[in-house]
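Participant: Below is one structure. I have some questions about it.
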Amino acid sequence: MQNESSIVVVLGTGGTIAGAASEVTDNVGYVAAQRGVAQLLAAVPALAGAPIEAEQIAQLDSKDMTHAVWHTLALRCAHHLARPEVAGIVITHGTDTLEETAWFLQRTLAPARPIVLAAAMRPATALQADGPQNLLDAVTVARTPGARGVTALLAGRLHAAADVRKVHPYRLDAFASGDAGPLGVVEEGVLRRFREWPCEPSLVGAAQLPADAGAWPAVEIVTSHAGASGAIVAALCAAGTRGIVVAATGNGSVHERLERALAAAQDAGVSVWRSTRCLDGRIIDSGDTAFPSAGALTPTKARIELMLRLMAAPSAAQAARSS
Ligand code: ASP
């Protein structure tokens with residue numbers, strides 16, 4: 001029997017961290033999601049004999065992440081978080097949609113114990129494989145007393161779910177937290193924390209998520225850009241889309257043609273939110289805009305937020321996200 005809250009559960013979902021190439025020098029021509037979570041743990045000698053449980057939830061390239069996998073992941077996290085002997089959870093994940101999964105789990109679970117996503121920019125076969133160190137550091141965070149909320153650990157830096165975003169397609173240190181900066185750093189097996197743990201509340205609990213992920217409200221992202229026609233909006237409405245997040249230019253401005261199309265969609269009952277295409281910062285409301293602002297959320301996180309709002313209170317989803 002383990003001491004209370006001593007076990008770390010590692011949930012595998014695939015990604016480059018579990019990827020393999022035929023040459024050790026090949027950092028881009030690999031296939032993601034080739035190694036099981038038990039193999040990933042076996043590559044970290046420092047974790048041998050540690051109180052760790054491993055479970056394979058999925059085995060995919062995270063560019064292909066689905067709501068169905070998110071549903072399973074949320075339910076398994078909720079299950080393990082309810083066990084008093086579990087200190088925290090680590091999820092091995094691809095980098096491409098890691099920030100989306102992080103925000104989805106924060107807004108469904110709002111965990112009082114840590115869930116740490118660990119990923120890698122190099123496959124497990126690479127000369128410079130970064131997965132084993134990232135996994136070890138993520139376990140360090142999951143074991144840290146007082147840790148809570150959903151975070152992501154890459155290249156020694158810990159990022160909060162609300163802030164983390166992938167900012168580079170190749171380099172090892174590919175993630176940033178925008179204006180907020182990282183939540184902390186892991187140095188030689190010790191977390192040095194700069195600010196508070198994520199504490200955004202749950203919008204829809206894991207148990208309340210509709211069992212059929214295909215029935216989750218359809219929310220899509222459209223981008224405002226030079227020459228925008230807005231034609232895509234009509235196509236989305238015809239396909240039954242319930243919500244649209246516009247990735248707007250600058251401080252939330254939208255091309256006039258796209259704006260007209262979105263206004264028509266809104267009049268027809270589709271929830272329309274604005275977010276910004278800018279890499280950092282947030283929309284500062286001027287008070288005279290047609291579509292509610294998604295605050296500091298990136299377009300991809302705003303899409304998740306709107307989807308969960310539509311599940312929680314369909315008629316209230318028109319309201320702006322205030323924080
Ligand atoms: N395409 C991969 C994935 O997201 C990229 C990675 O993990 O770095 O699964």
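Scheme for the structure tokens: letters A, B, ... for chains in order shown; per-chain residue numbers from 1; ligand numbers from 1 in order shown.
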Return as a count of residues only every polymer residue, whether protein, DNA or RNA, with at least one atom no more than 9 Å from an atom of ligand 1; count only C-alpha atoms and all ligand atoms.
Facilitator: 29
Participant: Which polymer residues have any atom within 8 Å of an atom of region 218-222 of chain A, counting only C-alpha atoms, with same-chain residues fewer than 3 positions away left out, as number ranges by chain?
Facilitator: A: 232-233, 236, 240-247, 299-300, 303-304, 306-307
Participant: Neighbouring residues of Gly88 (chain A) were defined as those with any atom within 6 Å, considering only C-alpha atoms; residues of the same chain fewer than 2 positions away were excluded. Please report them as an MDAnalysis selection string.
Facilitator: chainID A and resid 8 86 113:115 142
Participant: Find the distance between CA of Ala248 (chain A) and CA of Ser224 (chain A) and write it in Å to one decimal.
Facilitator: 5.1 Å
Participant: Do you know which residues are at most 8 Å from His67 (chain A) counting only C-alpha atoms, after dropping those on the same chain fewer than 4 positions away, and could you put them as a PyMOL selection string?
Facilitator: chain A and resi 71+213-214
Participant: Take the residues just selected and output them with N, CA, C and O atoms as a PDB file, in the first residue's frame.
Facilitator:
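Written output follows (part-v5.pdb):
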```pdb
ATOM      1  N   HIS A  71     -13.248  13.289 -24.215  1.00  0.00           N
ATOM      2  CA  HIS A  71     -14.252  12.794 -23.278  1.00  0.00           C
ATOM      3  C   HIS A  71     -13.673  11.667 -22.425  1.00  0.00           C
ATOM      4  O   HIS A  71     -13.775  11.678 -21.190  1.00  0.00           O
ATOM      5  N   ALA A 213     -19.905  12.198 -28.211  1.00  0.00           N
ATOM      6  CA  ALA A 213     -19.128  13.404 -28.509  1.00  0.00           C
ATOM      7  C   ALA A 213     -19.571  14.045 -29.829  1.00  0.00           C
ATOM      8  O   ALA A 213     -19.374  15.235 -30.039  1.00  0.00           O
ATOM      9  N   GLY A 214     -20.185  13.250 -30.694  1.00  0.00           N
ATOM     10  CA  GLY A 214     -20.697  13.806 -31.949  1.00  0.00           C
ATOM     11  C   GLY A 214     -21.849  14.760 -31.723  1.00  0.00           C
ATOM     12  O   GLY A 214     -22.216  15.530 -32.619  1.00  0.00           O
TER      13      GLY A 214
END
```
Participant: Got a sec: who's within 12 Å of Asp267 (chain A), counting only C-alpha atoms, leaving out chain neighbours fewer than 6 positions off, as a PyMOL selection string?
Facilitator: chain A and resi 237+260-261+290-291+318
Participant: Only all heavy atoms, please: the residues just picked out, written as a PDB file, in the first residue's frame.
Facilitator:
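The resulting file, result.pdb, is shown below:
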```pdb
ATOM      1  N   CYS A 237     -23.258  27.776 -41.221  1.00  0.00           N
ATOM      2  CA  CYS A 237     -24.630  27.817 -40.688  1.00  0.00           C
ATOM      3  C   CYS A 237     -25.470  26.710 -41.320  1.00  0.00           C
ATOM      4  O   CYS A 237     -26.244  26.034 -40.624  1.00  0.00           O
ATOM      5  CB  CYS A 237     -25.256  29.184 -40.939  1.00  0.00           C
ATOM      6  SG  CYS A 237     -24.464  30.499 -39.999  1.00  0.00           S
ATOM      7  N   ARG A 260     -20.550  41.375 -41.818  1.00  0.00           N
ATOM      8  CA  ARG A 260     -21.964  41.303 -42.231  1.00  0.00           C
ATOM      9  C   ARG A 260     -22.458  39.854 -42.194  1.00  0.00           C
ATOM     10  O   ARG A 260     -23.558  39.570 -41.720  1.00  0.00           O
ATOM     11  CB  ARG A 260     -22.144  41.895 -43.639  1.00  0.00           C
ATOM     12  CG  ARG A 260     -22.238  43.414 -43.658  1.00  0.00           C
ATOM     13  CD  ARG A 260     -22.812  43.933 -44.982  1.00  0.00           C
ATOM     14  NE  ARG A 260     -21.946  43.690 -46.122  1.00  0.00           N
ATOM     15  CZ  ARG A 260     -20.927  44.477 -46.480  1.00  0.00           C
ATOM     16  NH1 ARG A 260     -20.686  45.582 -45.795  1.00  0.00           N
ATOM     17  NH2 ARG A 260     -20.176  44.189 -47.526  1.00  0.00           N
ATOM     18  N   ALA A 261     -21.631  38.949 -42.662  1.00  0.00           N
ATOM     19  CA  ALA A 261     -22.031  37.530 -42.669  1.00  0.00           C
ATOM     20  C   ALA A 261     -22.181  37.006 -41.229  1.00  0.00           C
ATOM     21  O   ALA A 261     -23.113  36.254 -40.923  1.00  0.00           O
ATOM     22  CB  ALA A 261     -20.994  36.702 -43.420  1.00  0.00           C
ATOM     23  N   ALA A 290     -20.057  44.451 -32.110  1.00  0.00           N
ATOM     24  CA  ALA A 290     -21.237  43.619 -32.328  1.00  0.00           C
ATOM     25  C   ALA A 290     -21.125  42.236 -31.682  1.00  0.00           C
ATOM     26  O   ALA A 290     -22.131  41.639 -31.318  1.00  0.00           O
ATOM     27  CB  ALA A 290     -21.470  43.466 -33.826  1.00  0.00           C
ATOM     28  N   PHE A 291     -19.905  41.743 -31.550  1.00  0.00           N
ATOM     29  CA  PHE A 291     -19.741  40.366 -31.071  1.00  0.00           C
ATOM     30  C   PHE A 291     -18.987  40.352 -29.746  1.00  0.00           C
ATOM     31  O   PHE A 291     -17.975  41.040 -29.606  1.00  0.00           O
ATOM     32  CB  PHE A 291     -18.964  39.540 -32.103  1.00  0.00           C
ATOM     33  CG  PHE A 291     -19.467  39.703 -33.505  1.00  0.00           C
ATOM     34  CD1 PHE A 291     -18.641  40.178 -34.515  1.00  0.00           C
ATOM     35  CD2 PHE A 291     -20.788  39.398 -33.815  1.00  0.00           C
ATOM     36  CE1 PHE A 291     -19.101  40.349 -35.804  1.00  0.00           C
ATOM     37  CE2 PHE A 291     -21.271  39.568 -35.110  1.00  0.00           C
ATOM     38  CZ  PHE A 291     -20.419  40.051 -36.107  1.00  0.00           C
ATOM     39  N   GLN A 318     -24.212  33.847 -25.541  1.00  0.00           N
ATOM     40  CA  GLN A 318     -23.941  35.093 -26.250  1.00  0.00           C
ATOM     41  C   GLN A 318     -23.139  36.052 -25.383  1.00  0.00           C
ATOM     42  O   GLN A 318     -22.557  37.008 -25.866  1.00  0.00           O
ATOM     43  CB  GLN A 318     -25.260  35.773 -26.664  1.00  0.00           C
ATOM     44  CG  GLN A 318     -25.992  35.085 -27.810  1.00  0.00           C
ATOM     45  CD  GLN A 318     -25.246  35.205 -29.129  1.00  0.00           C
ATOM     46  OE1 GLN A 318     -24.238  35.880 -29.240  1.00  0.00           O
ATOM     47  NE2 GLN A 318     -25.734  34.512 -30.141  1.00  0.00           N
TER      48      GLN A 318
END
```
Participant: Nearest to Cys77 (chain A): which of A:Pro145, A:Gly250, A:Gly205, A:Gly181 is it, counting only C-alpha atoms?
Facilitator: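 Between A:Pro145, A:Gly250, A:Gly205, A:Gly181, the residue approaching Cys77 (chain A) most closely is A:Gly205.
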Participant: Could you pull the residues within 9 Å of Leu41 (chain A), counting only C-alpha atoms, minus those fewer than 3 positions along the same chain, as a list in words?
Facilitator: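 The neighbour list is Val10, Gly36, Val37, Ala38, Val44, Pro45, Leu47, Ala48, Ala54, Pro132, Leu135 and Leu136 of chain A.
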Participant: Using only C-alpha atoms, which residues sit within 10 Å of Ser286 (chain A) once same-chain residues fewer than 3 positions away are excluded, as number ranges by chain?
Facilitator: A: 251-252, 283, 289
Participant: Using only C-alpha atoms for the distances, tell me which of A:Ala313, A:Leu258, A:Val272, A:Ile89 is nearest to Ser293 (chain A).
Facilitator: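 Checking each candidate against Ser293 (chain A), we get A:Val272 as the closest.
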Participant: DSSP on the backbone: which residues in region 183-216 of chain A end up as strand (DSSP E or B)? Give the answer as a PyMOL selection string.
Facilitator: chain A and resi 184-187+190-193
Participant: When you draw a straight line from CA of Ala20 (chain A) to CA of Arg35 (chain A), how long is it in Å?
Facilitator: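 Taking CA of Ala20 (chain A) as the start and CA of Arg35 (chain A) as the end point, the length is 7.6 Å.
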Participant: Using DSSP on the backbone coordinates, identify the residues of region 13-82 of chain A assigned to alpha helix (DSSP H); present them as a PyMOL selection string.
Facilitator: chain A and resi 37-42+67-81
Participant: Please produce a file of the residues just selected, as a compact mmCIF listing (two decimals), in the first residue's frame, where the atoms kept are C-alpha atoms.
Facilitator:
```
# COMPACT_ATOMS: atom_id res chain seq x y z
CA VAL A 37 3.27 4.90 -22.35
CA ALA A 38 5.05 2.04 -20.52
CA GLN A 39 7.92 2.30 -23.03
CA LEU A 40 8.14 6.04 -22.51
CA LEU A 41 8.46 5.53 -18.76
CA ALA A 42 11.06 2.78 -19.23
CA HIS A 67 -13.81 15.27 -28.80
CA ALA A 68 -14.32 11.55 -28.14
CA VAL A 69 -10.72 11.20 -26.92
CA TRP A 70 -11.14 14.34 -24.79
CA HIS A 71 -14.25 12.79 -23.28
CA THR A 72 -12.42 9.58 -22.36
CA LEU A 73 -9.46 11.56 -21.04
CA ALA A 74 -11.66 13.75 -18.84
CA LEU A 75 -13.48 10.72 -17.40
CA ARG A 76 -10.22 8.84 -16.68
CA CYS A 77 -8.68 11.93 -15.07
CA ALA A 78 -11.79 12.37 -12.91
CA HIS A 79 -11.60 8.71 -11.91
CA HIS A 80 -7.96 8.91 -10.83
CA LEU A 81 -8.33 12.30 -9.14
```
